[in-house]
>>> print(open('coords_38.csv').read())   # CSV, C-alpha atoms
chain,number,residue,atom,x,y,z
A,19,MET,CA,21.3,-25.3,10.5
A,20,ALA,CA,21.6,-24.1,6.9
A,21,ARG,CA,18.1,-22.7,7.1
A,22,ARG,CA,18.9,-20.8,10.3
A,23,ARG,CA,22.1,-19.4,8.8
A,24,ILE,CA,20.2,-18.1,5.7
A,25,ASN,CA,17.5,-16.6,7.9
A,26,LEU,CA,20.2,-15.0,10.1
A,27,ARG,CA,21.8,-13.4,7.0
A,28,LEU,CA,18.4,-12.2,5.7
A,29,SER,CA,17.7,-10.7,9.1
A,30,TRP,CA,21.0,-8.8,9.1
A,31,LEU,CA,20.4,-7.6,5.5
A,32,LEU,CA,16.9,-6.4,6.5
A,33,LEU,CA,18.2,-4.6,9.6
A,34,GLY,CA,21.2,-3.1,7.9
A,35,THR,CA,19.2,-1.8,5.0
A,36,THR,CA,16.6,-0.3,7.4
A,37,LEU,CA,19.3,1.4,9.5
A,38,VAL,CA,21.0,2.9,6.4
A,39,LEU,CA,17.7,4.3,5.2
A,40,LEU,CA,17.1,5.8,8.7
A,41,PHE,CA,20.5,7.4,8.7
A,42,ILE,CA,20.0,8.9,5.3
A,43,GLY,CA,16.5,10.0,6.3
A,44,ALA,CA,17.8,11.8,9.4
A,45,VAL,CA,20.4,13.7,7.4
A,46,MET,CA,17.9,14.7,4.7
A,47,VAL,CA,15.3,15.8,7.3
A,48,LEU,CA,17.9,18.1,8.8
A,49,ASN,CA,18.8,19.4,5.3
A,50,ALA,CA,15.3,19.8,4.0
A,51,SER,CA,13.7,21.3,7.2
A,52,SER,CA,16.3,23.7,8.5
A,53,VAL,CA,15.0,26.8,6.8
A,54,MET,CA,11.3,26.2,7.6
A,55,ALA,CA,12.2,25.1,11.1
A,56,PHE,CA,14.1,28.4,11.7
A,57,SER,CA,11.4,30.5,10.2
A,58,LYS,CA,8.7,28.9,12.4
A,59,THR,CA,10.5,28.1,15.6
A,60,GLY,CA,13.9,29.9,15.6
A,61,ASP,CA,15.6,26.5,15.8
A,62,SER,CA,16.9,25.2,12.5
A,63,CYS,CA,17.2,21.7,14.1
A,64,TYR,CA,13.7,21.6,15.5
A,65,TYR,CA,12.3,18.9,13.1
A,66,PHE,CA,15.6,17.1,13.1
A,67,LYS,CA,15.5,16.7,16.9
A,68,ARG,CA,11.9,15.4,16.7
A,69,GLN,CA,12.9,13.0,14.0
A,70,LEU,CA,15.7,11.6,16.1
A,71,LEU,CA,13.2,11.1,19.0
A,72,SER,CA,10.9,9.3,16.6
A,73,ILE,CA,13.7,7.1,15.3
A,74,LEU,CA,14.6,6.2,18.9
A,75,VAL,CA,11.0,5.3,19.8
A,76,GLY,CA,10.6,3.4,16.5
A,77,LEU,CA,13.8,1.4,17.1
A,78,MET,CA,12.4,0.5,20.6
A,79,GLY,CA,9.2,-0.6,18.9
A,80,MET,CA,11.1,-2.6,16.3
A,81,ALA,CA,13.1,-4.4,19.1
A,82,LEU,CA,9.9,-5.2,20.9
A,83,PHE,CA,8.2,-6.8,18.0
A,84,ALA,CA,11.4,-8.6,16.9
A,85,GLY,CA,11.4,-10.3,20.3
A,86,LEU,CA,7.6,-11.0,20.4
A,87,ASP,CA,6.5,-14.2,18.6
A,88,TYR,CA,4.5,-13.0,15.6
A,89,ARG,CA,2.0,-15.8,16.1
A,90,PHE,CA,1.0,-14.2,19.4
A,91,LEU,CA,-0.2,-11.2,17.4
A,92,ARG,CA,-3.1,-13.2,16.0
A,93,LYS,CA,-4.9,-12.9,19.3
A,94,PHE,CA,-5.2,-9.1,18.7
A,95,SER,CA,-6.2,-9.1,15.0
A,96,LEU,CA,-9.9,-8.2,15.7
A,97,ALA,CA,-9.0,-5.8,18.5
A,98,SER,CA,-6.5,-4.0,16.3
A,99,ILE,CA,-9.3,-3.3,13.7
A,100,VAL,CA,-11.7,-2.1,16.4
A,101,ILE,CA,-9.1,0.2,17.9
A,102,SER,CA,-8.2,1.6,14.5
A,103,VAL,CA,-11.9,2.2,13.7
A,104,VAL,CA,-12.3,4.1,17.0
A,105,ALA,CA,-9.2,6.2,16.4
A,106,LEU,CA,-10.2,7.0,12.8
A,107,PHE,CA,-13.6,8.1,14.1
A,108,LEU,CA,-12.1,10.3,16.8
A,109,VAL,CA,-10.0,12.1,14.1
A,110,LEU,CA,-13.2,13.4,12.6
A,111,ILE,CA,-14.6,14.9,15.8
A,112,PRO,CA,-13.9,18.7,16.0
A,113,GLY,CA,-11.8,19.5,19.0
A,114,ILE,CA,-10.3,16.1,19.1
A,115,GLY,CA,-9.0,15.6,15.6
A,116,GLN,CA,-6.3,17.9,14.3
A,117,SER,CA,-6.7,19.4,10.8
A,118,ALA,CA,-4.0,20.7,8.4
A,119,GLY,CA,-4.2,21.5,4.7
A,120,GLY,CA,-7.9,20.8,4.5
A,121,ALA,CA,-7.6,17.3,5.9
A,122,SER,CA,-8.4,15.9,9.4
A,123,ARG,CA,-5.9,13.0,9.9
A,124,TRP,CA,-4.3,13.5,13.3
A,125,LEU,CA,-4.9,13.1,17.0
A,126,PHE,CA,-2.9,15.2,19.4
A,127,ILE,CA,-1.6,13.0,22.3
A,128,GLY,CA,0.9,14.0,24.9
A,129,GLY,CA,2.4,16.9,22.9
A,130,PHE,CA,2.8,14.7,19.8
A,131,THR,CA,0.6,14.3,16.7
A,132,PHE,CA,-0.6,10.8,16.0
A,133,GLN,CA,-1.9,9.6,12.6
A,134,PRO,CA,-4.3,6.7,13.1
A,135,SER,CA,-4.3,5.7,9.4
A,136,GLU,CA,-0.6,4.7,9.6
A,137,PHE,CA,-1.4,2.1,12.2
A,138,ALA,CA,-4.7,1.1,10.5
A,139,LYS,CA,-2.5,-0.2,7.6
A,140,LEU,CA,-0.7,-2.6,10.0
A,141,ALA,CA,-4.0,-3.5,11.6
A,142,THR,CA,-5.5,-4.3,8.2
A,143,VAL,CA,-2.5,-6.6,7.4
A,144,LEU,CA,-2.8,-8.4,10.7
A,145,TYR,CA,-6.5,-8.9,10.4
A,146,VAL,CA,-6.6,-10.0,6.8
A,147,ALA,CA,-3.6,-12.4,7.2
A,148,ASP,CA,-5.4,-14.0,10.2
A,149,ILE,CA,-8.7,-14.4,8.4
A,150,LEU,CA,-7.1,-15.7,5.2
A,151,SER,CA,-4.9,-18.2,7.0
A,152,LYS,CA,-7.9,-19.6,8.9
A,153,LYS,CA,-10.0,-19.8,5.7
A,154,SER,CA,-7.3,-21.2,3.5
A,155,SER,CA,-9.3,-24.3,2.6
A,156,ARG,CA,-12.5,-22.3,1.9
A,157,ILE,CA,-11.1,-19.1,0.2
A,158,LYS,CA,-12.3,-20.2,-3.2
A,159,LYS,CA,-15.9,-19.5,-2.1
A,160,PHE,CA,-16.8,-15.9,-2.7
A,161,SER,CA,-18.8,-15.6,0.5
A,162,GLU,CA,-15.8,-16.8,2.5
A,163,LEU,CA,-13.7,-14.2,0.8
A,164,ILE,CA,-16.1,-11.4,1.4
A,165,ILE,CA,-17.1,-12.1,5.0
A,166,PRO,CA,-15.8,-10.8,7.3
A,167,ILE,CA,-13.0,-9.0,5.4
A,168,VAL,CA,-14.9,-6.5,3.3
A,169,PRO,CA,-17.2,-5.1,6.0
A,170,ALA,CA,-14.4,-4.5,8.5
A,171,ILE,CA,-12.0,-3.0,5.9
A,172,GLY,CA,-14.9,-1.1,4.3
A,173,ILE,CA,-15.7,0.7,7.6
A,174,MET,CA,-12.1,1.9,7.9
A,175,VAL,CA,-11.9,3.0,4.2
A,176,VAL,CA,-15.1,5.0,4.7
A,177,LEU,CA,-13.7,6.8,7.7
A,178,ILE,CA,-10.4,7.5,5.9
A,179,ILE,CA,-12.4,8.9,2.9
A,180,LEU,CA,-14.0,11.4,5.3
A,181,GLN,CA,-10.6,12.7,6.4
A,182,PRO,CA,-9.9,12.6,3.3
A,183,HIS,CA,-6.7,10.6,2.6
A,184,LEU,CA,-6.7,9.0,-0.8
A,185,GLY,CA,-3.1,7.7,-0.5
A,186,ALA,CA,-4.0,5.6,2.6
A,187,ILE,CA,-7.0,4.2,0.9
A,188,LEU,CA,-5.0,3.1,-2.1
A,189,ILE,CA,-2.4,1.5,0.1
A,190,ILE,CA,-4.9,-0.4,2.2
A,191,CYS,CA,-7.0,-1.6,-0.7
A,192,SER,CA,-4.0,-2.6,-2.8
A,193,THR,CA,-2.5,-4.5,0.1
A,194,VAL,CA,-5.8,-6.4,0.8
A,195,PHE,CA,-6.1,-7.2,-2.9
A,196,PHE,CA,-2.6,-8.6,-3.0
A,197,LEU,CA,-3.1,-10.7,0.2
A,198,MET,CA,-6.3,-12.1,-1.2
A,199,PHE,CA,-4.4,-13.1,-4.4
A,200,LEU,CA,-1.6,-14.6,-2.3
A,201,GLY,CA,-4.2,-16.4,-0.1
A,202,GLY,CA,-5.6,-18.3,-3.1
A,203,ALA,CA,-8.7,-16.4,-4.0
A,204,LYS,CA,-10.2,-17.0,-7.5
A,205,LEU,CA,-9.1,-14.6,-10.2
A,206,ARG,CA,-12.7,-13.7,-11.2
A,207,HIS,CA,-13.5,-12.8,-7.6
A,208,LEU,CA,-10.5,-10.6,-7.4
A,209,VAL,CA,-11.3,-8.9,-10.8
A,210,GLY,CA,-14.8,-8.2,-9.5
A,211,LEU,CA,-13.6,-6.7,-6.3
A,212,GLY,CA,-10.9,-4.7,-8.2
A,213,MET,CA,-13.5,-3.2,-10.6
A,214,PHE,CA,-15.7,-2.3,-7.6
A,215,GLY,CA,-12.8,-0.6,-5.9
A,216,LEU,CA,-11.7,1.4,-8.9
A,217,LEU,CA,-15.3,2.5,-9.5
A,218,SER,CA,-15.6,3.6,-5.9
A,219,ILE,CA,-12.4,5.6,-6.1
A,220,ALA,CA,-13.5,7.2,-9.4
A,221,ILE,CA,-16.9,8.2,-7.9
A,222,PHE,CA,-15.0,9.7,-4.9
A,223,ILE,CA,-12.7,11.7,-7.2
A,224,PHE,CA,-15.2,12.8,-9.9
A,225,THR,CA,-18.0,13.9,-7.6
A,226,GLU,CA,-16.0,16.8,-6.2
A,227,PRO,CA,-14.5,19.3,-8.8
A,228,TYR,CA,-11.6,20.3,-6.5
A,229,ARG,CA,-10.6,16.6,-6.1
A,230,LEU,CA,-10.7,16.1,-9.8
A,231,ARG,CA,-8.5,19.2,-10.4
A,232,ARG,CA,-6.0,18.0,-7.8
A,233,PHE,CA,-6.1,14.4,-9.1
A,234,THR,CA,-5.5,15.4,-12.8
A,235,ALA,CA,-3.0,18.2,-12.0
A,236,PHE,CA,-0.1,15.8,-12.7
A,237,LEU,CA,-1.1,15.5,-16.3
A,238,ASN,CA,-0.5,19.2,-17.0
A,239,PRO,CA,0.7,21.0,-13.8
A,240,TRP,CA,1.6,24.1,-15.8
A,241,LYS,CA,-2.1,24.7,-16.5
A,242,ASP,CA,-2.4,26.0,-12.9
A,243,PRO,CA,1.2,26.7,-11.9
A,244,ARG,CA,0.3,28.7,-8.8
A,245,GLY,CA,-2.5,26.4,-7.7
A,246,THR,CA,-2.9,22.6,-8.1
A,247,GLY,CA,0.2,22.2,-10.2
A,248,PHE,CA,2.5,24.2,-7.8
A,249,HIS,CA,3.8,21.3,-5.8
A,250,ILE,CA,4.6,19.1,-8.8
A,251,ILE,CA,6.3,22.0,-10.7
A,252,GLN,CA,8.6,22.9,-7.7
A,253,SER,CA,9.4,19.2,-7.3
A,254,LEU,CA,10.4,18.8,-10.9
A,255,ILE,CA,12.6,21.9,-10.6
A,256,ALA,CA,14.4,20.3,-7.7
A,257,PHE,CA,15.0,17.1,-9.7
A,258,GLY,CA,16.1,19.1,-12.8
A,259,SER,CA,18.5,21.2,-10.7
A,260,GLY,CA,20.2,18.1,-9.3
A,261,GLY,CA,21.3,16.7,-12.6
A,262,LEU,CA,23.5,13.6,-12.4
A,263,THR,CA,25.4,14.2,-9.2
A,264,GLY,CA,23.4,17.0,-7.5
A,265,ILE,CA,24.3,20.5,-6.4
A,266,GLY,CA,25.8,19.3,-3.1
A,267,LEU,CA,24.6,18.0,0.3
A,268,GLY,CA,22.9,20.7,2.2
A,269,MET,CA,22.9,23.1,-0.8
A,270,SER,CA,19.2,22.7,-1.8
A,271,ARG,CA,17.6,25.9,-3.0
A,272,GLN,CA,14.0,24.5,-3.1
A,273,LYS,CA,14.0,24.1,0.7
A,274,PHE,CA,14.0,27.9,1.0
A,275,LEU,CA,10.2,27.7,1.2
A,276,TYR,CA,9.8,27.2,-2.6
A,277,LEU,CA,8.9,23.5,-2.2
A,278,PRO,CA,6.0,22.9,0.2
A,279,GLU,CA,6.4,19.9,2.6
A,280,ALA,CA,10.1,19.6,1.6
A,281,HIS,CA,10.9,17.5,4.7
A,282,THR,CA,7.8,15.2,4.5
A,283,ASP,CA,6.1,14.2,1.3
A,284,PHE,CA,8.6,15.8,-1.0
A,285,ILE,CA,11.9,14.8,0.7
A,286,PHE,CA,12.7,12.6,-2.3
A,287,ALA,CA,12.8,15.8,-4.5
A,288,ILE,CA,15.3,17.4,-2.1
A,289,ILE,CA,17.4,14.2,-2.3
A,290,GLY,CA,17.3,14.5,-6.1
A,291,GLU,CA,18.3,18.1,-6.0
A,292,GLU,CA,21.2,17.6,-3.5
A,293,VAL,CA,22.7,14.3,-4.6
A,294,GLY,CA,21.3,14.0,-8.2
A,295,LEU,CA,20.2,11.0,-10.2
A,296,LEU,CA,22.9,8.8,-8.8
A,297,GLY,CA,21.7,9.5,-5.3
A,298,THR,CA,18.1,8.9,-6.0
A,299,LEU,CA,18.9,5.6,-7.8
A,300,SER,CA,20.9,4.5,-4.7
A,301,ILE,CA,17.7,5.2,-2.6
A,302,VAL,CA,15.6,3.2,-5.1
A,303,LEU,CA,18.1,0.3,-4.9
A,304,LEU,CA,18.0,0.3,-1.1
A,305,PHE,CA,14.2,0.1,-1.2
A,306,VAL,CA,14.4,-2.7,-3.8
A,307,ALA,CA,16.8,-4.6,-1.5
A,308,LEU,CA,14.5,-4.0,1.5
A,309,ILE,CA,11.4,-5.3,-0.4
A,310,VAL,CA,13.2,-8.3,-1.9
A,311,VAL,CA,14.7,-9.4,1.5
A,312,GLY,CA,11.3,-8.8,3.2
A,313,LEU,CA,9.4,-10.9,0.7
A,314,THR,CA,12.1,-13.6,0.9
A,315,ILE,CA,11.8,-13.8,4.6
A,316,SER,CA,8.0,-13.9,4.3
A,317,PHE,CA,7.9,-16.8,1.8
A,318,ARG,CA,10.4,-18.7,3.9
A,319,SER,CA,8.0,-18.7,6.8
A,320,ARG,CA,6.9,-22.1,8.0
A,321,ASN,CA,3.2,-21.2,8.2
A,322,ASN,CA,0.7,-19.5,6.1
A,323,PHE,CA,0.0,-16.8,8.6
A,324,GLY,CA,3.6,-15.7,8.7
A,325,LYS,CA,3.8,-15.7,5.0
A,326,LEU,CA,0.7,-13.5,4.6
A,327,LEU,CA,1.6,-11.2,7.5
A,328,GLY,CA,5.2,-10.6,6.2
A,329,CYS,CA,4.1,-10.1,2.6
A,330,GLY,CA,1.4,-7.7,3.8
A,331,ILE,CA,3.9,-5.6,5.8
A,332,ILE,CA,6.2,-5.4,2.8
A,333,CYS,CA,3.3,-4.5,0.5
A,334,VAL,CA,2.4,-1.6,2.7
A,335,ILE,CA,6.0,-0.3,2.6
A,336,ALA,CA,6.3,-1.0,-1.2
A,337,PHE,CA,3.1,0.8,-2.1
A,338,GLN,CA,4.1,3.8,0.0
A,339,VAL,CA,7.4,4.0,-1.8
A,340,ILE,CA,5.9,3.6,-5.3
A,341,ILE,CA,3.1,6.2,-4.7
A,342,ASN,CA,5.4,8.7,-3.1
A,343,MET,CA,8.2,8.5,-5.7
A,344,CYS,CA,5.8,8.5,-8.6
A,345,GLY,CA,3.9,11.4,-7.1
A,346,VAL,CA,6.9,13.7,-6.6
A,347,THR,CA,8.2,12.9,-10.1
A,348,GLY,CA,4.9,13.7,-11.8
A,349,LEU,CA,4.1,10.1,-12.8
A,350,LEU,CA,1.1,9.9,-10.5
A,351,PRO,CA,-1.2,12.4,-8.7
A,352,ILE,CA,0.0,13.7,-5.3
A,353,THR,CA,-1.9,11.8,-2.6
A,354,GLY,CA,-0.1,12.9,0.6
A,355,VAL,CA,1.9,9.7,1.1
A,356,SER,CA,5.3,10.1,2.9
A,357,LEU,CA,8.4,8.1,2.0
A,358,PRO,CA,9.0,5.3,4.5
A,359,PHE,CA,12.1,5.8,6.8
A,360,LEU,CA,13.1,9.0,5.1
A,361,SER,CA,10.3,11.5,5.5
A,362,PHE,CA,9.7,13.4,8.7
A,363,GLY,CA,6.8,11.9,10.7
A,364,GLY,CA,6.6,9.9,13.9
A,365,SER,CA,3.5,7.9,13.1
A,366,SER,CA,4.7,6.5,9.8
A,367,LEU,CA,8.2,5.9,11.2
A,368,LEU,CA,6.9,4.0,14.2
A,369,ALA,CA,4.5,1.9,12.2
A,370,ASN,CA,7.0,0.9,9.6
A,371,LEU,CA,9.7,0.1,12.1
A,372,CYS,CA,7.3,-2.1,14.1
A,373,GLY,CA,6.5,-3.8,10.8
A,374,VAL,CA,10.3,-4.5,10.3
A,375,GLY,CA,10.4,-5.9,13.8
A,376,VAL,CA,7.7,-8.4,12.9
A,377,LEU,CA,9.6,-9.4,9.8
A,378,LEU,CA,12.8,-9.9,11.9
A,379,ASN,CA,10.8,-12.2,14.2
A,380,ILE,CA,9.4,-14.2,11.3
A,381,ALA,CA,13.0,-14.6,10.0
A,382,LYS,CA,14.2,-16.0,13.3
A,383,SER,CA,11.2,-18.3,14.0
A,384,SER,CA,12.2,-21.9,13.7
A,385,LYS,CA,9.1,-23.7,14.9
A,386,ARG,CA,7.9,-26.2,12.3
A,387,THR,CA,4.3,-25.7,11.5
A,388,SER,CA,2.0,-26.4,8.5
A,389,PHE,CA,1.3,-24.0,5.7
A,390,SER,CA,-2.4,-24.6,6.2
A,391,GLY,CA,-2.4,-22.4,9.4
A,392,VAL,CA,-1.1,-22.1,12.9
>>> encode(input="coords_38.csv", output="structure tokens")
Amino acid sequence: MARRRINLRLSWLLLGTTLVLLFIGAVMVLNASSVMAFSKTGDSCYYFKRQLLSILVGLMGMALFAGLDYRFLRKFSLASIVISVVALFLVLIPGIGQSAGGASRWLFIGGFTFQPSEFAKLATVLYVADILSKKSSRIKKFSELIIPIVPAIGIMVVLIILQPHLGAILIICSTVFFLMFLGGAKLRHLVGLGMFGLLSIAIFIFTEPYRLRRFTAFLNPWKDPRGTGFHIIQSLIAFGSGGLTGIGLGMSRQKFLYLPEAHTDFIFAIIGEEVGLLGTLSIVLLFVALIVVGLTISFRSRNNFGKLLGCGIICVIAFQVIINMCGVTGLLPITGVSLPFLSFGGSSLLANLCGVGVLLNIAKSSKRTSFSGV
């Protein structure tokens, strides 16, 4: 009974934190997008309305997965990878995939854009968690670690490179690396895989001069203030204008088409401008609470698959938060990663809310099973 009470409290904490972030995100999407929405569509609430629809669909997805036994998802681990690979391939076909800003990352379905890489992250977590929980007694062998994880994930990574979407690659690879560590892989094997991954990313960046310029722009954005450094400079201006308490909710100046992608990748900068340092620290604390509660739920799972699945979902969210926040504050290169639950974008919102639903199901599961698998 005590265990169930604790799990119930954790569930409410996870749900409450998620809903608070969704509310803040909806308000900030309205604030950040109103000027651009009016200039493009004549309706200042255009993106806000679409975000509300995405939140509604996302909450339905969260409710669905919260009520669906997470162990049932194991049956679809391989299928999820296959579907993700097909979708990522379709994105690259002219006339089917949608391009923006020099990248091909979207499919257009039923009047809505769909970003397969967002769901590929969840598919990766499900697949790797399934494989590692099945191979828990053999994971110390390098061959058991590599096959069949690396080929399947490698195909997805190659397809995402072709889009290109460096942020998604970093999130997927980092999550897989963490799950391997959590699953009991030997440290020397992980070091070898990590070095190979870093070398591959370095080759990807340094073989194209424009990628190198964009990647290193954060080191000195003022070297090219109207080009590669423009986004970071405008973002830093937003944070600097906000000071300690901000210039006031809805009073952002940078949203007047100075800061590109103000309602998506750079919404954290608008938050910093409008509500200041105290507001941004509050957002950080909410994410810390979400991550801590999610990890606690995962480690309290009665089986290894639940532990790995839950930790993988939280890792995806955590890495997105870290990459986005560090990018918009100039601590890391800009990689096109949105801020979970806050940024405008239906694909990311739906994927993350479905992930929260899985965590809620893990929390309420009371079936006694062994940590060696399901």
>>> closest_atom_pairs(input="coords_38.csv", of="region 121-149 of chain A", to="region 196-199 of chain A", cutoff="12 Å", atoms="all atoms listed in the file", output="Markdown table")
| residue | atom | partner | partner_atom | distance |
| --- | --- | --- | --- | --- |
| A:Thr142 | CA | A:Leu197 | CA | 10.5 |
| A:Val143 | CA | A:Leu197 | CA | 8.3 |
| A:Leu144 | CA | A:Leu197 | CA | 10.8 |
| A:Tyr145 | CA | A:Leu197 | CA | 10.9 |
| A:Val146 | CA | A:Leu197 | CA | 7.5 |
| A:Ala147 | CA | A:Leu197 | CA | 7.2 |
| A:Asp148 | CA | A:Leu197 | CA | 10.8 |
| A:Ile149 | CA | A:Met198 | CA | 10.2 |
>>> atom_distance(input="coords_38.csv", atom1="CA of Ile179 (chain A)", atom2="CA of Lys139 (chain A)")
14.2 Å
>>> residues_around(input="coords_38.csv", residues="region 76-83 of chain A", least_positions_apart="5", cutoff="9 Å", atoms="all atoms listed in the file", output="VMD selection string")
chain A and resid 71 88 364 367 to 379
>>> atom_distance(input="coords_38.csv", atom1="CA of Leu125 (chain A)", atom2="CA of Ala141 (chain A)")
17.5 Å
>>> axis_aligned_box(input="coords_38.csv", around="region 160-171 of chain A", padding_each_side="4 Å", output="lines of an AutoDock Vina configuration file")
center_x = -15.4
center_y = -9.9
center_z = 2.9
size_x = 14.8
size_y = 21.8
size_z = 19.2
>>> residues_around(input="coords_38.csv", residues="Arg68 (chain A)", least_positions_apart="4", cutoff="12 Å", atoms="all atoms listed in the file", output="number ranges by chain")
A: 44, 47-48, 51, 55, 61-64, 72-75, 129-131, 361-365, 367
>>> residues_around(input="coords_38.csv", residues="region 150-167 of chain A", least_positions_apart="5", cutoff="10 Å", atoms="only C-alpha atoms", output="VMD selection string")
chain A and resid 142 145 172 194 197 to 198 200 to 208 211 321 to 327 389 to 392
>>> write_last_selection(input="coords_38.csv", atoms="C-alpha atoms", output="mmCIF file, keeping the file's coordinate frame")
data_model
loop_
_atom_site.group_PDB
_atom_site.id
_atom_site.type_symbol
_atom_site.label_atom_id
_atom_site.label_comp_id
_atom_site.auth_asym_id
_atom_site.auth_seq_id
_atom_site.Cartn_x
_atom_site.Cartn_y
_atom_site.Cartn_z
ATOM 1 C CA THR A 142 -5.500 -4.300 8.200
ATOM 2 C CA TYR A 145 -6.500 -8.900 10.400
ATOM 3 C CA GLY A 172 -14.900 -1.100 4.300
ATOM 4 C CA VAL A 194 -5.800 -6.400 0.800
ATOM 5 C CA LEU A 197 -3.100 -10.700 0.200
ATOM 6 C CA MET A 198 -6.300 -12.100 -1.200
ATOM 7 C CA LEU A 200 -1.600 -14.600 -2.300
ATOM 8 C CA GLY A 201 -4.200 -16.400 -0.100
ATOM 9 C CA GLY A 202 -5.600 -18.300 -3.100
ATOM 10 C CA ALA A 203 -8.700 -16.400 -4.000
ATOM 11 C CA LYS A 204 -10.200 -17.000 -7.500
ATOM 12 C CA LEU A 205 -9.100 -14.600 -10.200
ATOM 13 C CA ARG A 206 -12.700 -13.700 -11.200
ATOM 14 C CA HIS A 207 -13.500 -12.800 -7.600
ATOM 15 C CA LEU A 208 -10.500 -10.600 -7.400
ATOM 16 C CA LEU A 211 -13.600 -6.700 -6.300
ATOM 17 C CA ASN A 321 3.200 -21.200 8.200
ATOM 18 C CA ASN A 322 0.700 -19.500 6.100
ATOM 19 C CA PHE A 323 0.000 -16.800 8.600
ATOM 20 C CA GLY A 324 3.600 -15.700 8.700
ATOM 21 C CA LYS A 325 3.800 -15.700 5.000
ATOM 22 C CA LEU A 326 0.700 -13.500 4.600
ATOM 23 C CA LEU A 327 1.600 -11.200 7.500
ATOM 24 C CA PHE A 389 1.300 -24.000 5.700
ATOM 25 C CA SER A 390 -2.400 -24.600 6.200
ATOM 26 C CA GLY A 391 -2.400 -22.400 9.400
ATOM 27 C CA VAL A 392 -1.100 -22.100 12.900
#
>>> closest_residue(input="coords_38.csv", among="A:Pro134, A:Gly60, A:Gly294, A:Gly185", to="Leu267 (chain A)", atoms="only C-alpha atoms")
A:Gly294
>>> residues_around(input="coords_38.csv", residues="Gln252 (chain A)", least_positions_apart="4", cutoff="12 Å", atoms="only C-alpha atoms", output="ChimeraX atom specification")
/A:239-240,243-248,256-259,271-280,284,287-288,291,346-348
>>> write_last_selection(input="coords_38.csv", atoms="C-alpha atoms", output="compact mmCIF listing (two decimals), keeping the file's coordinate frame")
# COMPACT_ATOMS: atom_id res chain seq x y z
CA PRO A 239 0.70 21.00 -13.80
CA TRP A 240 1.60 24.10 -15.80
CA PRO A 243 1.20 26.70 -11.90
CA ARG A 244 0.30 28.70 -8.80
CA GLY A 245 -2.50 26.40 -7.70
CA THR A 246 -2.90 22.60 -8.10
CA GLY A 247 0.20 22.20 -10.20
CA PHE A 248 2.50 24.20 -7.80
CA ALA A 256 14.40 20.30 -7.70
CA PHE A 257 15.00 17.10 -9.70
CA GLY A 258 16.10 19.10 -12.80
CA SER A 259 18.50 21.20 -10.70
CA ARG A 271 17.60 25.90 -3.00
CA GLN A 272 14.00 24.50 -3.10
CA LYS A 273 14.00 24.10 0.70
CA PHE A 274 14.00 27.90 1.00
CA LEU A 275 10.20 27.70 1.20
CA TYR A 276 9.80 27.20 -2.60
CA LEU A 277 8.90 23.50 -2.20
CA PRO A 278 6.00 22.90 0.20
CA GLU A 279 6.40 19.90 2.60
CA ALA A 280 10.10 19.60 1.60
CA PHE A 284 8.60 15.80 -1.00
CA ALA A 287 12.80 15.80 -4.50
CA ILE A 288 15.30 17.40 -2.10
CA GLU A 291 18.30 18.10 -6.00
CA VAL A 346 6.90 13.70 -6.60
CA THR A 347 8.20 12.90 -10.10
CA GLY A 348 4.90 13.70 -11.80
>>> atom_distance(input="coords_38.csv", atom1="CA of Thr59 (chain A)", atom2="CA of Thr353 (chain A)")
27.4 Å
>>> residues_around(input="coords_38.csv", residues="Ile335 (chain A)", least_positions_apart="3", cutoff="9 Å", atoms="only C-alpha atoms", output="PyMOL selection string")
chain A and resi 189+309+330-332+338-340+357-358+370+373
